[in-house]
Structure formats: structure tokens, C-alpha cells
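Q: My structure file structure-v9.cif, mmCIF, C-alpha atoms (C1' of nucleotides), is below:
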```cif
data_data
#
loop_
_atom_site.label_atom_id
_atom_site.label_comp_id
_atom_site.auth_asym_id
_atom_site.auth_seq_id
_atom_site.Cartn_x
_atom_site.Cartn_y
_atom_site.Cartn_z
CA MET A 1 -12.61 32.89 35.70
CA THR A 2 -13.49 29.22 35.34
CA ALA A 3 -10.96 26.67 36.56
CA LEU A 4 -9.56 24.39 33.81
CA PRO A 5 -9.13 20.87 35.19
CA ASN A 6 -6.36 18.89 33.53
CA ARG A 7 -8.67 15.93 33.13
CA ASP A 8 -12.01 16.23 31.46
CA ARG A 9 -14.00 13.34 32.88
CA ARG A 10 -16.86 14.03 30.50
CA SER A 11 -14.84 13.72 27.33
CA GLU A 12 -13.01 10.70 28.73
CA ARG A 13 -16.34 8.97 29.19
CA ARG A 14 -17.37 10.04 25.72
CA GLU A 15 -14.25 8.59 24.19
CA ALA A 16 -14.77 5.34 26.09
CA THR A 17 -18.26 5.06 24.66
CA ARG A 18 -16.95 5.63 21.15
CA LEU A 19 -14.47 2.81 21.66
CA GLU A 20 -17.23 0.55 22.95
CA ILE A 21 -19.21 1.21 19.79
CA VAL A 22 -16.28 0.50 17.48
CA ASP A 23 -15.51 -2.66 19.46
CA ALA A 24 -19.07 -3.85 19.01
CA ALA A 25 -18.86 -3.15 15.28
CA TRP A 26 -15.72 -5.30 15.08
CA ARG A 27 -17.45 -8.13 16.90
CA VAL A 28 -20.30 -8.07 14.39
CA ALA A 29 -17.88 -7.94 11.46
CA ARG A 30 -15.83 -10.86 12.76
CA GLU A 31 -18.91 -12.94 13.49
CA ASP A 32 -21.07 -12.31 10.43
CA GLY A 33 -18.97 -10.32 7.99
CA LEU A 34 -18.53 -6.64 7.20
CA ALA A 35 -21.83 -6.41 5.36
CA ALA A 36 -23.70 -7.55 8.48
CA VAL A 37 -22.60 -4.50 10.44
CA THR A 38 -25.79 -2.51 11.01
CA LEU A 39 -26.58 0.22 13.47
CA ARG A 40 -29.29 -1.93 15.03
CA GLU A 41 -26.86 -4.77 15.64
CA ILE A 42 -24.18 -2.49 17.05
CA GLY A 43 -26.81 -0.90 19.27
CA ARG A 44 -27.93 -4.30 20.49
CA LEU A 45 -24.39 -5.21 21.55
CA VAL A 46 -23.71 -1.96 23.40
CA GLY A 47 -27.19 -1.84 24.95
CA MET A 48 -28.43 1.17 23.03
CA GLN A 49 -31.12 1.88 20.51
CA ALA A 50 -29.71 2.40 17.04
CA PRO A 51 -30.51 6.12 16.75
CA SER A 52 -28.61 6.82 19.96
CA LEU A 53 -25.39 5.98 18.13
CA TYR A 54 -25.78 9.25 16.30
CA SER A 55 -24.84 11.02 19.52
CA HIS A 56 -21.35 9.53 19.09
CA PHE A 57 -20.86 9.15 15.35
CA PRO A 58 -22.35 11.36 12.65
CA SER A 59 -22.96 8.44 10.29
CA LYS A 60 -22.38 4.77 9.80
CA ASN A 61 -19.46 5.53 7.52
CA ALA A 62 -17.81 7.39 10.40
CA ILE A 63 -17.84 4.12 12.33
CA TYR A 64 -16.24 2.30 9.41
CA ASP A 65 -13.73 5.10 9.25
CA ALA A 66 -12.74 4.64 12.89
CA MET A 67 -12.42 0.90 12.28
CA PHE A 68 -10.25 1.47 9.22
CA GLY A 69 -7.87 3.73 11.13
CA GLN A 70 -7.71 1.29 14.05
CA ALA A 71 -6.89 -1.63 11.76
CA TRP A 72 -3.90 0.11 10.21
CA GLN A 73 -2.65 1.12 13.64
CA GLN A 74 -3.02 -2.47 14.77
CA ILE A 75 -0.76 -3.87 12.07
CA VAL A 76 2.02 -1.61 13.30
CA THR A 77 1.47 -2.79 16.87
CA TRP A 78 1.35 -6.34 15.57
CA PHE A 79 4.88 -6.12 14.23
CA ASP A 80 6.08 -4.26 17.32
CA ASP A 81 4.81 -7.10 19.51
CA ARG A 82 6.60 -9.75 17.47
CA PRO A 83 10.16 -10.95 17.99
CA PRO A 84 12.39 -8.25 16.49
CA MET A 85 13.27 -8.30 12.82
CA PRO A 86 16.22 -10.63 12.13
CA SER A 87 19.26 -8.98 10.61
CA ALA A 88 19.88 -11.57 7.89
CA PRO A 89 18.08 -10.18 4.82
CA ARG A 90 16.20 -13.31 3.81
CA ARG A 91 15.19 -13.94 7.41
CA ALA A 92 13.93 -10.37 7.57
CA LEU A 93 11.82 -10.91 4.45
CA LEU A 94 10.33 -14.08 5.89
CA TRP A 95 9.65 -12.26 9.14
CA LEU A 96 7.73 -9.62 7.19
CA ALA A 97 5.84 -12.10 5.04
CA GLU A 98 4.79 -14.27 7.96
CA GLY A 99 3.84 -11.29 10.09
CA PHE A 100 1.66 -9.90 7.32
CA PHE A 101 0.13 -13.28 6.58
CA ASP A 102 -0.70 -14.02 10.21
CA PHE A 103 -2.16 -10.58 10.73
CA ALA A 104 -4.46 -11.00 7.74
CA VAL A 105 -5.60 -14.49 8.64
CA ALA A 106 -6.14 -13.60 12.30
CA ASP A 107 -9.09 -11.36 11.39
CA VAL A 108 -10.42 -11.63 7.88
CA ALA A 109 -12.99 -8.87 8.25
CA ARG A 110 -10.26 -6.51 9.38
CA TYR A 111 -8.07 -7.44 6.43
CA GLN A 112 -10.95 -6.88 4.03
CA LEU A 113 -11.78 -3.47 5.44
CA MET A 114 -8.15 -2.36 5.15
CA ASN A 115 -8.10 -2.99 1.44
CA ARG A 116 -10.22 -0.78 -0.69
CA ALA A 117 -13.72 -1.36 -2.02
CA ALA A 118 -14.62 -3.87 0.69
CA VAL A 119 -17.61 -1.85 1.83
CA PRO A 120 -19.66 -0.31 -0.98
CA GLY A 121 -19.65 3.46 -0.71
CA PHE A 122 -17.05 3.66 2.03
CA GLN A 123 -14.04 5.89 1.48
CA PRO A 124 -11.64 6.49 4.35
CA SER A 125 -11.12 10.05 5.56
CA GLU A 126 -7.75 11.68 5.12
CA ASP A 127 -6.92 11.12 8.78
CA ALA A 128 -7.73 7.42 8.65
CA TYR A 129 -5.93 7.05 5.35
CA ALA A 130 -2.81 8.57 6.89
CA HIS A 131 -2.58 5.57 9.21
CA SER A 132 -2.45 3.25 6.22
CA VAL A 133 0.28 5.33 4.61
CA ALA A 134 2.31 5.18 7.82
CA ALA A 135 1.93 1.42 8.14
CA TYR A 136 2.77 0.85 4.51
CA GLY A 137 5.88 2.96 4.99
CA ARG A 138 6.99 0.77 7.86
CA MET A 139 6.69 -2.35 5.71
CA ARG A 140 8.61 -0.68 2.92
CA ASP A 141 11.38 0.11 5.40
CA VAL A 142 11.82 -3.58 6.07
CA LEU A 143 12.15 -4.33 2.37
CA ARG A 144 14.57 -1.44 2.04
CA ALA A 145 16.68 -2.79 4.89
CA ALA A 146 16.87 -6.08 3.00
CA GLY A 147 18.10 -4.25 -0.08
CA VAL A 148 14.85 -4.15 -2.03
CA ARG A 149 14.30 -0.72 -3.51
CA ARG A 150 13.12 -0.86 -7.12
CA ALA A 151 9.44 -0.06 -7.57
CA ALA A 152 9.01 -3.12 -9.79
CA ASP A 153 10.51 -5.31 -7.07
CA LEU A 154 8.06 -3.92 -4.53
CA ASP A 155 5.23 -4.80 -6.93
CA LEU A 156 6.60 -8.32 -7.12
CA TRP A 157 6.56 -8.51 -3.33
CA THR A 158 2.97 -7.32 -2.92
CA ALA A 159 1.79 -9.74 -5.60
CA ILE A 160 3.48 -12.69 -3.93
CA THR A 161 2.55 -12.03 -0.32
CA GLY A 162 -0.94 -10.73 -1.11
CA GLY A 163 -1.50 -13.70 -3.38
CA ALA A 164 -0.59 -16.19 -0.67
CA VAL A 165 -2.98 -14.53 1.76
CA ASP A 166 -5.82 -14.33 -0.75
CA GLN A 167 -5.51 -17.97 -1.74
CA GLN A 168 -5.44 -19.06 1.87
CA LEU A 169 -8.54 -17.06 2.74
CA ALA A 170 -10.44 -18.07 -0.39
CA ASN A 171 -9.72 -21.79 -0.33
CA GLU A 172 -8.92 -22.81 3.21
CA PRO A 173 -9.59 -19.96 5.65
CA ASP A 174 -8.61 -21.93 8.72
CA GLY A 175 -5.65 -23.86 7.33
CA THR A 176 -1.97 -23.30 6.63
CA ARG A 177 -1.57 -24.60 3.08
CA TRP A 178 -0.27 -21.35 1.63
CA ARG A 179 1.45 -20.24 4.80
CA ARG A 180 3.69 -23.26 4.47
CA GLN A 181 4.81 -21.95 1.06
CA LEU A 182 6.02 -18.60 2.37
CA ALA A 183 9.65 -19.61 2.80
CA ARG A 184 9.74 -20.90 -0.77
CA LEU A 185 8.09 -17.75 -2.05
CA VAL A 186 10.58 -15.59 -0.19
CA ASP A 187 13.49 -17.58 -1.60
CA MET A 188 12.11 -17.25 -5.12
CA PHE A 189 11.68 -13.53 -4.62
CA ALA A 190 15.10 -13.06 -3.04
CA ASP A 191 16.81 -14.94 -5.86
CA GLU A 192 15.01 -12.88 -8.48
CA VAL A 193 15.68 -9.44 -7.03
CA GLY A 194 19.17 -10.28 -5.83
CA VAL A 195 18.89 -10.40 -2.06
CA ALA A 196 22.02 -11.96 -0.64
CA GLY A 197 22.26 -14.76 1.87
CA PRO A 198 21.74 -18.53 1.98
CA LYS A 199 18.42 -20.05 0.91
CA LEU A 200 15.80 -20.42 3.64
CA ARG A 201 14.98 -23.83 2.25
CA ARG A 202 17.38 -26.10 0.48
CA ALA A 203 16.75 -26.59 -3.25
CA ARG A 204 14.60 -29.53 -4.32
CA MET B 205 -50.59 -39.70 -31.77
CA THR B 206 -49.17 -36.21 -31.58
CA ALA B 207 -46.37 -35.32 -33.96
CA LEU B 208 -43.05 -34.53 -32.25
CA PRO B 209 -41.32 -31.70 -34.08
CA ASN B 210 -37.55 -31.76 -33.83
CA ARG B 211 -37.52 -28.08 -32.97
CA ASP B 212 -39.54 -26.66 -30.13
CA ARG B 213 -39.97 -23.02 -31.04
CA ARG B 214 -41.58 -22.28 -27.70
CA SER B 215 -38.70 -23.49 -25.58
CA GLU B 216 -36.23 -21.86 -27.95
CA ARG B 217 -37.92 -18.53 -27.34
CA ARG B 218 -37.93 -19.23 -23.62
CA GLU B 219 -34.25 -19.96 -23.59
CA ALA B 220 -33.56 -16.79 -25.57
CA THR B 221 -35.42 -14.75 -22.96
CA ARG B 222 -33.41 -16.36 -20.18
CA LEU B 223 -30.22 -15.39 -21.96
CA GLU B 224 -31.48 -11.83 -22.38
CA ILE B 225 -32.08 -11.63 -18.65
CA VAL B 226 -28.64 -12.95 -17.75
CA ASP B 227 -27.08 -10.58 -20.27
CA ALA B 228 -28.85 -7.66 -18.65
CA ALA B 229 -27.65 -8.79 -15.24
CA TRP B 230 -24.07 -8.81 -16.56
CA ARG B 231 -24.47 -5.30 -17.91
CA VAL B 232 -25.61 -4.05 -14.52
CA ALA B 233 -22.76 -5.87 -12.76
CA ARG B 234 -20.15 -4.47 -15.13
CA GLU B 235 -21.52 -0.94 -14.88
CA ASP B 236 -22.26 -0.61 -11.16
CA GLY B 237 -20.88 -3.71 -9.48
CA LEU B 238 -22.29 -7.06 -8.46
CA ALA B 239 -24.11 -5.61 -5.47
CA ALA B 240 -26.07 -3.27 -7.73
CA VAL B 241 -27.74 -6.15 -9.54
CA THR B 242 -31.41 -5.92 -8.55
CA LEU B 243 -34.44 -7.49 -10.12
CA ARG B 244 -35.91 -4.06 -10.82
CA GLU B 245 -32.77 -2.95 -12.67
CA ILE B 246 -32.59 -6.14 -14.71
CA GLY B 247 -36.27 -5.72 -15.55
CA ARG B 248 -35.68 -2.17 -16.66
CA LEU B 249 -32.98 -3.28 -19.10
CA VAL B 250 -35.00 -6.10 -20.63
CA GLY B 251 -38.23 -4.08 -20.71
CA MET B 252 -40.08 -6.10 -18.11
CA GLN B 253 -41.48 -5.47 -14.69
CA ALA B 254 -39.40 -7.07 -11.97
CA PRO B 255 -41.97 -9.71 -10.93
CA SER B 256 -42.15 -11.00 -14.50
CA LEU B 257 -38.61 -12.28 -14.14
CA TYR B 258 -40.00 -14.96 -11.87
CA SER B 259 -41.56 -16.57 -14.94
CA HIS B 260 -38.01 -17.34 -16.08
CA PHE B 261 -35.98 -17.73 -12.89
CA PRO B 262 -37.26 -19.03 -9.57
CA SER B 263 -35.17 -16.57 -7.55
CA LYS B 264 -32.49 -13.94 -7.80
CA ASN B 265 -29.88 -16.48 -6.75
CA ALA B 266 -30.84 -18.58 -9.76
CA ILE B 267 -29.78 -15.66 -11.96
CA TYR B 268 -26.45 -15.40 -10.16
CA ASP B 269 -26.13 -19.14 -10.62
CA ALA B 270 -26.58 -18.88 -14.39
CA MET B 271 -24.02 -16.07 -14.46
CA PHE B 272 -21.56 -18.13 -12.44
CA GLY B 273 -21.83 -21.07 -14.81
CA GLN B 274 -21.50 -18.82 -17.86
CA ALA B 275 -18.39 -17.17 -16.50
CA TRP B 276 -16.56 -20.45 -16.02
CA GLN B 277 -17.58 -21.57 -19.49
CA GLN B 278 -16.29 -18.28 -20.86
CA ILE B 279 -12.81 -18.74 -19.48
CA VAL B 280 -12.54 -22.00 -21.41
CA THR B 281 -13.70 -20.28 -24.59
CA TRP B 282 -11.28 -17.46 -23.83
CA PHE B 283 -8.32 -19.80 -23.98
CA ASP B 284 -9.70 -21.62 -27.02
CA ASP B 285 -9.90 -18.31 -28.87
CA ARG B 286 -6.31 -17.40 -28.09
CA PRO B 287 -3.28 -18.36 -30.13
CA PRO B 288 -2.58 -21.99 -29.29
CA MET B 289 -0.45 -22.91 -26.31
CA PRO B 290 3.27 -22.76 -27.16
CA SER B 291 5.15 -26.01 -26.76
CA ALA B 292 8.13 -24.56 -24.89
CA PRO B 293 7.28 -25.08 -21.21
CA ARG B 294 8.06 -21.59 -19.97
CA ARG B 295 6.26 -20.06 -22.92
CA ALA B 296 3.27 -22.23 -22.08
CA LEU B 297 3.28 -21.01 -18.50
CA LEU B 298 3.42 -17.39 -19.63
CA TRP B 299 0.60 -18.09 -22.07
CA LEU B 300 -1.49 -19.42 -19.18
CA ALA B 301 -0.63 -16.60 -16.82
CA GLU B 302 -1.32 -13.87 -19.35
CA GLY B 303 -4.53 -15.50 -20.50
CA PHE B 304 -5.80 -15.76 -16.94
CA PHE B 305 -4.71 -12.22 -16.11
CA ASP B 306 -6.34 -10.69 -19.17
CA PHE B 307 -9.54 -12.62 -18.62
CA ALA B 308 -9.79 -11.36 -15.05
CA VAL B 309 -9.02 -7.76 -15.88
CA ALA B 310 -11.38 -7.72 -18.88
CA ASP B 311 -14.42 -8.02 -16.58
CA VAL B 312 -13.84 -7.47 -12.89
CA ALA B 313 -17.40 -8.24 -11.85
CA ARG B 314 -17.19 -11.57 -13.65
CA TYR B 315 -13.90 -12.39 -11.95
CA GLN B 316 -15.35 -11.54 -8.56
CA LEU B 317 -18.43 -13.69 -9.06
CA MET B 318 -16.29 -16.67 -10.07
CA ASN B 319 -14.46 -16.64 -6.78
CA ARG B 320 -16.40 -17.50 -3.71
CA ALA B 321 -18.04 -15.20 -1.21
CA ALA B 322 -18.39 -12.32 -3.69
CA VAL B 323 -22.16 -12.18 -3.26
CA PRO B 324 -23.39 -12.64 0.32
CA GLY B 325 -25.58 -15.70 0.58
CA PHE B 326 -24.89 -16.98 -2.91
CA GLN B 327 -23.72 -20.57 -3.31
CA PRO B 328 -23.46 -22.05 -6.80
CA SER B 329 -25.54 -25.10 -7.63
CA GLU B 330 -23.83 -28.39 -8.34
CA ASP B 331 -24.37 -27.95 -12.07
CA ALA B 332 -22.83 -24.49 -12.12
CA TYR B 333 -20.00 -25.60 -9.88
CA ALA B 334 -19.20 -28.40 -12.31
CA HIS B 335 -18.28 -25.80 -14.91
CA SER B 336 -15.70 -24.34 -12.55
CA VAL B 337 -14.23 -27.77 -11.89
CA ALA B 338 -13.96 -28.40 -15.61
CA ALA B 339 -12.27 -25.07 -16.29
CA TYR B 340 -9.87 -25.52 -13.39
CA GLY B 341 -8.99 -28.95 -14.78
CA ARG B 342 -8.12 -27.40 -18.11
CA MET B 343 -5.74 -24.97 -16.47
CA ARG B 344 -4.15 -27.76 -14.46
CA ASP B 345 -3.59 -29.65 -17.72
CA VAL B 346 -1.46 -26.79 -19.00
CA LEU B 347 0.67 -26.85 -15.87
CA ARG B 348 0.95 -30.60 -16.14
CA ALA B 349 2.08 -30.33 -19.75
CA ALA B 350 4.80 -27.97 -18.55
CA GLY B 351 5.89 -30.56 -16.01
CA VAL B 352 4.27 -29.06 -12.92
CA ARG B 353 2.55 -31.76 -10.91
CA ARG B 354 3.17 -31.41 -7.20
CA ALA B 355 0.23 -30.06 -5.22
CA ALA B 356 2.51 -27.62 -3.43
CA ASP B 357 3.74 -26.31 -6.77
CA LEU B 358 0.18 -25.74 -7.93
CA ASP B 359 -0.43 -23.73 -4.76
CA LEU B 360 2.61 -21.66 -5.58
CA TRP B 361 1.19 -21.01 -9.04
CA THR B 362 -2.23 -19.90 -7.83
CA ALA B 363 -0.67 -17.62 -5.24
CA ILE B 364 1.54 -15.92 -7.81
CA THR B 365 -0.94 -15.48 -10.64
CA GLY B 366 -3.89 -14.68 -8.38
CA GLY B 367 -1.73 -12.22 -6.47
CA ALA B 368 -0.74 -10.36 -9.61
CA VAL B 369 -4.37 -10.06 -10.67
CA ASP B 370 -5.55 -8.94 -7.23
CA GLN B 371 -2.89 -6.27 -6.91
CA GLN B 372 -3.66 -4.95 -10.38
CA LEU B 373 -7.39 -4.74 -9.68
CA ALA B 374 -6.95 -3.26 -6.21
CA ASN B 375 -4.37 -0.62 -7.03
CA GLU B 376 -4.61 0.22 -10.71
CA PRO B 377 -7.66 -1.42 -12.29
CA ASP B 378 -7.05 0.03 -15.74
CA GLY B 379 -3.26 -0.24 -15.88
CA THR B 380 -0.64 -2.86 -16.63
CA ARG B 381 1.78 -2.44 -13.73
CA TRP B 382 1.47 -6.03 -12.49
CA ARG B 383 0.85 -7.51 -15.93
CA ARG B 384 4.31 -6.33 -16.89
CA GLN B 385 5.73 -8.48 -14.08
CA LEU B 386 4.20 -11.72 -15.30
CA ALA B 387 7.24 -12.89 -17.27
CA ARG B 388 9.45 -12.33 -14.23
CA LEU B 389 6.98 -14.14 -12.00
CA VAL B 390 6.85 -17.07 -14.40
CA ASP B 391 10.64 -17.26 -14.52
CA MET B 392 10.83 -17.21 -10.73
CA PHE B 393 8.25 -19.94 -10.52
CA ALA B 394 9.83 -22.04 -13.26
CA ASP B 395 13.25 -21.82 -11.61
CA GLU B 396 11.83 -22.84 -8.26
CA VAL B 397 9.80 -25.84 -9.40
CA GLY B 398 12.37 -26.96 -11.99
CA VAL B 399 10.70 -26.22 -15.31
CA ALA B 400 13.29 -26.53 -18.06
CA GLY B 401 14.04 -24.04 -20.79
CA PRO B 402 15.72 -20.67 -21.16
CA LYS B 403 14.60 -17.71 -19.09
CA LEU B 404 11.82 -15.59 -20.57
CA ARG B 405 13.70 -12.50 -19.45
CA ARG B 406 17.43 -12.22 -19.10
CA ALA B 407 18.72 -11.93 -15.56
CA ARG B 408 19.29 -8.46 -14.10
"C1'" DG C 409 -27.33 11.36 25.90
"C1'" DT C 410 -30.87 8.26 25.27
"C1'" DC C 411 -35.35 7.31 24.13
"C1'" DT C 412 -39.68 6.48 20.91
"C1'" DA C 413 -41.69 7.31 16.72
"C1'" DT C 414 -41.26 7.91 12.12
"C1'" DA C 415 -39.59 9.24 7.42
"C1'" DT C 416 -37.62 7.41 3.40
"C1'" DT C 417 -35.95 4.17 0.49
"C1'" DC C 418 -34.77 -0.09 -1.05
"C1'" DT C 419 -34.90 -5.08 -1.38
"C1'" DG C 420 -36.75 -10.00 -2.93
"C1'" DA C 421 -40.84 -12.19 -3.37
"C1'" DT C 422 -46.06 -13.39 -3.82
"C1'" DA C 423 -51.16 -12.98 -5.34
"C1'" DG C 424 -54.16 -12.73 -8.67
"C1'" DA C 425 -56.20 -10.37 -12.88
"C1'" DC C 426 -55.75 -10.68 -17.81
"C1'" DG D 427 -46.06 -14.82 -19.71
"C1'" DT D 428 -46.68 -10.28 -18.26
"C1'" DC D 429 -48.93 -7.06 -15.66
"C1'" DT D 430 -50.39 -4.21 -11.21
"C1'" DA D 431 -50.65 -4.12 -6.49
"C1'" DT D 432 -48.75 -5.33 -2.45
"C1'" DC D 433 -46.27 -7.72 1.30
"C1'" DA D 434 -42.73 -8.11 4.64
"C1'" DG D 435 -38.60 -6.75 5.99
"C1'" DA D 436 -34.44 -4.40 6.14
"C1'" DA D 437 -31.55 -0.35 6.07
"C1'" DT D 438 -29.81 4.73 7.42
"C1'" DA D 439 -31.18 8.73 9.18
"C1'" DT D 440 -34.07 12.60 11.49
"C1'" DA D 441 -37.42 14.91 14.93
"C1'" DG D 442 -38.53 15.87 19.18
"C1'" DA D 443 -39.80 14.45 24.10
"C1'" DC D 444 -37.47 13.67 28.42
#
```
If you convert what's in this file into C-alpha cells, what do you get?
A:
Amino acid sequence: MTALPNRDRRSERREATRLEIVDAAWRVAREDGLAAVTLREIGRLVGMQAPSLYSHFPSKNAIYDAMFGQAWQQIVTWFDDRPPMPSAPRRALLWLAEGFFDFAVADVARYQLMNRAAVPGFQPSEDAYAHSVAAYGRMRDVLRAAGVRRAADLDLWTAITGGAVDQQLANEPDGTRWRRQLARLVDMFADEVGVAGPKLRRAR
Amino acid sequence: MTALPNRDRRSERREATRLEIVDAAWRVAREDGLAAVTLREIGRLVGMQAPSLYSHFPSKNAIYDAMFGQAWQQIVTWFDDRPPMPSAPRRALLWLAEGFFDFAVADVARYQLMNRAAVPGFQPSEDAYAHSVAAYGRMRDVLRAAGVRRAADLDLWTAITGGAVDQQLANEPDGTRWRRQLARLVDMFADEVGVAGPKLRRAR
DNA sequence: GTCTATATTCTGATAGAC
DNA sequence: GTCTATCAGAATATAGAC
């Protein structure tokens, strides 16, 4: 009978190589945009010929898929690494809005890949998609803790926070013009949906 | 001395062909997305071989450029063709928000091309860009008429209205889930920046 | 598991006949 | 002004030697 070692050095090495490949793909995406991610360029960065990548991923879309799953895991880690959520409801909302905003602006390519239709023809697998559902659930928990539950109110929230991010990225990718409006936006939102607590900013 | 006719039938025909080409490009973009616009496909629709297009446009980017300029002219026409702007400030804001929203949703490819970085490598010419400046000025006039002047308040407005459009297109391209929130968003905004008048919707 | 070589397909653009 | 023929380059993916 063959001995079963509790560490499989071969598959550990294999997994490390896969991570190297995905890392290289991220570097290309950050540098030149998602559309510039090609197998040749990834191969160049990891020191491989492009066809060799097929020993580790069955297709280019499988690489995008790994990136997509990673990105949604990272946003969870991102919030875990931040100062903990404040207990005051409006402070908690601002904490969520700023965390989301900073995450998006920190890596535009990542933010684009997370939202659908960024890469023509790419559809995440069920497994990768599950990570996005989990992360979205975590963000909804924060809103819930602040007393926001109605579906229409959640739609208001996504419009406001997503809008601030999109304007920032479209008009001033390296600035803070819309980030500086987050406290006002949160106050507006909190007033409208009836979140208690003092205003984050005093009225004009 | 050669007679100078006041109509140049040749250049009229030429201009008509240019319009036909741009129209075909729009049809491709609407049907299969901006990325699917290729010279061969445009040629197929207008009944020409792809290289013949170079008799009318110096490059593919020049076609995108014509589309870009057209789109920004169309949004001005769009508002001109609507019922006139109401005089009540909050009604005027809702009129602007709904007009912008409906214009964006009516043709997603057009909306994408109008905002930057939709087509890799495409930069509008100065002439085409001027149309966007003009249209943006018209929208700012509406806000001004409603008493909104501060730069920060304009940023708030673009975040809110752009955010509603982006969420609608990303999550439910053919629905009205975020459109139905526009009146609430306008009320929130109007309260925050101090636009007078009764609420569009009664409080919860 | 990585290589070379190649298949296949698509793109924007140019040359030159008519 | 439109055509055919073609270029030059890029892309993903496969076959098969080592």
C-alpha cells in the first residue's frame, strides 16, 4: 500500500504557480488596463511562453475567473483590516461608504472586473460568483445594523455610493473630489431613510 | 469665370454617405456593443467593402469621433423635444434627472461612448469635445436656474444621477428599479443643497 | 511542465486597378 | 469612389517533441 503524505509538495508547487500567473495578470491589468491582459504578456512576466499557461489554466477566461474570485475575497479582507465598524449608525454608514470608495479607487482594474460586463465574453463561474454574493451579504449586514432594510433604500445606497466612485474614476481618477462629499451623501441618505443620530456634518 | 452654384450636389451626396456610415456604426454598437464595431461590419451594412470606407473617413477613430459628437448633440435635442422645463425648482430638477436617465437608458452604447475610456485608444477631437462642453453647459444652466451653483453641489448632483443610471444599466438594463427612485433622490439633494419648494414625495 | 511550431481568426490599414 | 488583393500584426488555442 502506498504511503499518503499529509503534504503534497507537487500540488503545493502547482498552486504557487497558479498564484504567480494570476498575480502577473493583475500587474498587467493595473498597468495597462483589463483589455491589455494577454497570455503573451502574462507569460512574459512569469518567464513562460504563452502556451505553457495552458498547463495551469484551461483558458484565458479561467484566469479572469480566478481574478474575479480573488477580488471579491479581497474586499472582505479590506474591511476586516480596517478599524472596526463604529456603533453609531451614521458613523457606520460612513465607514462602509469610505471603505468601499477607497477599495474601488485603490485598484480601478479590480473594481471594473468585479462589476459585470467589464471584459467582453467573460462570465464568472458559480464558484467565483459565490464570493461576490458573500461579500455583498457582508455589506448588507452593515446597512442592516444601521437600520436600513427596505429594498428601495438599499437601491438608494448603491446608487449614491456607486455614483460617487464612478464620478471620481471618470473625472479625476487620482483625486478626492467626490470622496470629500461622502459625509454629505451619507447624511442625505440617513435623513431620507430615517437613520437616527446626529448629522456627520453640520447643516449649511 | 466659373459659375458658383449655391448648392453643391456632390458634397451633399458625400455628406449623406458619411451619415449613412455613422448610422450603420450606431446600429452595430446598439446590437452587439461598441467593441463589435468593425470596418467590415459597417461596410456590410452600407453595402460597401471595408476599405472603401477610407474614402469617407481617414480612420476608424474618425468614425467614433463623429459618433461621439452626434451623441452629445442628440442629448441637447432630446431635452428640446421634451415638455418644457417646469418653473418650480424641484420639478425642474426632476425634469433634468429623468431626461438624463431616459436618454442614457434609451441607448446604452451611446451613453458609454459619451463617457470617457469606453473605447480603448479613442480620444475625441477638439471639435467633437466642444459638443460635450456645450451640452454639459446646458445641463448646468438648469441646475443654476434651480438655484444650484456651488461646485461641490454640482458634484453631488452628478454622483446621484450618474449613480442611478449606472446601477440601472448594470443590474437591470431593461427595468425601472432605479428610475423609480429619482424623485426621492431629487428631494434628498434639494433638501441638502437648500432648493426651495415642497417635497416631490411626501415623507415616509 | 515547458518548449517550438503552427492553426485559425480577426483586426485596421494600404496599394493600385478601374 | 469603389473594388480586389494583401499587408502586418495581434489574439486564443492546439499538437507534439522533449
Q: As a PyMOL selection string, please: the residues near stretch 262-274 of chain B (cut-off 6 Å, all atoms listed in the file, same-chain neighbours under 5 positions excluded).
A: chain B and resi 318+328+332+335
Q: I need the contact residues of chain C against chain B, so if you could list those with any atom within 10 Å, counting all atoms listed in the file, and return them as a PyMOL selection string, that would help.
A: chain C and resi 419-422
Q: Mind telling me what the PyMOL selection byres ((chain D) within 10 of (chain A)) catches here, as number ranges by chain?
A: D: 437-440
Q: At what distance in Å, to one decimal, does atom CA of A:Leu45 lie from atom CA of A:Arg18?
A: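 Atom CA of A:Leu45 lies at a distance of 13.2 Å from atom CA of A:Arg18.
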Q: List the residues matched by the PyMOL selection byres ((chain B) within 10 of (chain A)) in the displayed structure as a PyMOL selection string, ordered by chain and then by residue number.
A: chain B and resi 237+239-240+319-321+324+356-357+359-372+374-375+381-382+384-386+388-389+391-398+407-408
Q: Any chance you could resolve the PyMOL selection byres ((chain C and resi 414) around 10) against this file and give the residues as a PyMOL selection string?
A: (chain C and resi 412-413+415-416) or (chain D and resi 440-441)
Q: I'd like the interatomic distance between atom CA of B:Thr380 and atom CA of A:Arg140, to a tenth of an Å.
A: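 Between atom CA of B:Thr380 and atom CA of A:Arg140 the gap is 21.7 Å.
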Q: Do you know which residues are at most 10 Å from C:DT410 counting all atoms listed in the file, after dropping those on the same chain fewer than 4 positions away, and could you put them as an NGL selection string?
A: (:A and (48-49 or 51-53 or 55)) or (:D and (444))
Q: Is there a way to get, as a list in words, all residues within 10 Å of the point (12.0, -8.8, 5.9) in file coordinates, counting all atoms listed in the file?
A: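 Collected hits near the coordinates: Met85, Pro86, Ser87, Ala88, Pro89, Arg90, Arg91, Ala92, Leu93, Leu94, Trp95, Leu96, Ala97, Glu98, Gly99, Met139, Arg140, Asp141, Val142, Leu143, Arg144, Ala145, Ala146, Gly147, Val148 and Val186 of chain A.
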Q: Between atom CA of B:Val399 and atom CA of A:Leu200, what distance in Å does the model show, to one decimal?
A: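 Taking atom CA of B:Val399 and atom CA of A:Leu200, their separation equals 20.5 Å.
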Q: Please tell me which residues are no farther than 10 Å from (-28.2, -9.6, -18.7) in the file, counting only C-alpha atoms (C1' of nucleotides), and write them as JSON, numbers by chain.
A: {"B": [221, 222, 223, 224, 225, 226, 227, 228, 229, 230, 231, 232, 233, 241, 246, 247, 249, 250, 267, 271]}
Q: Put those residues in a file: C-alpha atoms, as a JSON list (two decimals), keeping the file's coordinate frame.
A:
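What ended up in part_11.json:
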```
[["chain", "number", "residue", "atom", "x", "y", "z"],
["B", 221, "THR", "CA", -35.42, -14.75, -22.96],
["B", 222, "ARG", "CA", -33.41, -16.36, -20.18],
["B", 223, "LEU", "CA", -30.22, -15.39, -21.96],
["B", 224, "GLU", "CA", -31.48, -11.83, -22.38],
["B", 225, "ILE", "CA", -32.08, -11.63, -18.65],
["B", 226, "VAL", "CA", -28.64, -12.95, -17.75],
["B", 227, "ASP", "CA", -27.08, -10.58, -20.27],
["B", 228, "ALA", "CA", -28.85, -7.66, -18.65],
["B", 229, "ALA", "CA", -27.65, -8.79, -15.24],
["B", 230, "TRP", "CA", -24.07, -8.81, -16.56],
["B", 231, "ARG", "CA", -24.47, -5.30, -17.91],
["B", 232, "VAL", "CA", -25.61, -4.05, -14.52],
["B", 233, "ALA", "CA", -22.76, -5.87, -12.76],
["B", 241, "VAL", "CA", -27.74, -6.15, -9.54],
["B", 246, "ILE", "CA", -32.59, -6.14, -14.71],
["B", 247, "GLY", "CA", -36.27, -5.72, -15.55],
["B", 249, "LEU", "CA", -32.98, -3.28, -19.10],
["B", 250, "VAL", "CA", -35.00, -6.10, -20.63],
["B", 267, "ILE", "CA", -29.78, -15.66, -11.96],
["B", 271, "MET", "CA", -24.02, -16.07, -14.46]]
```
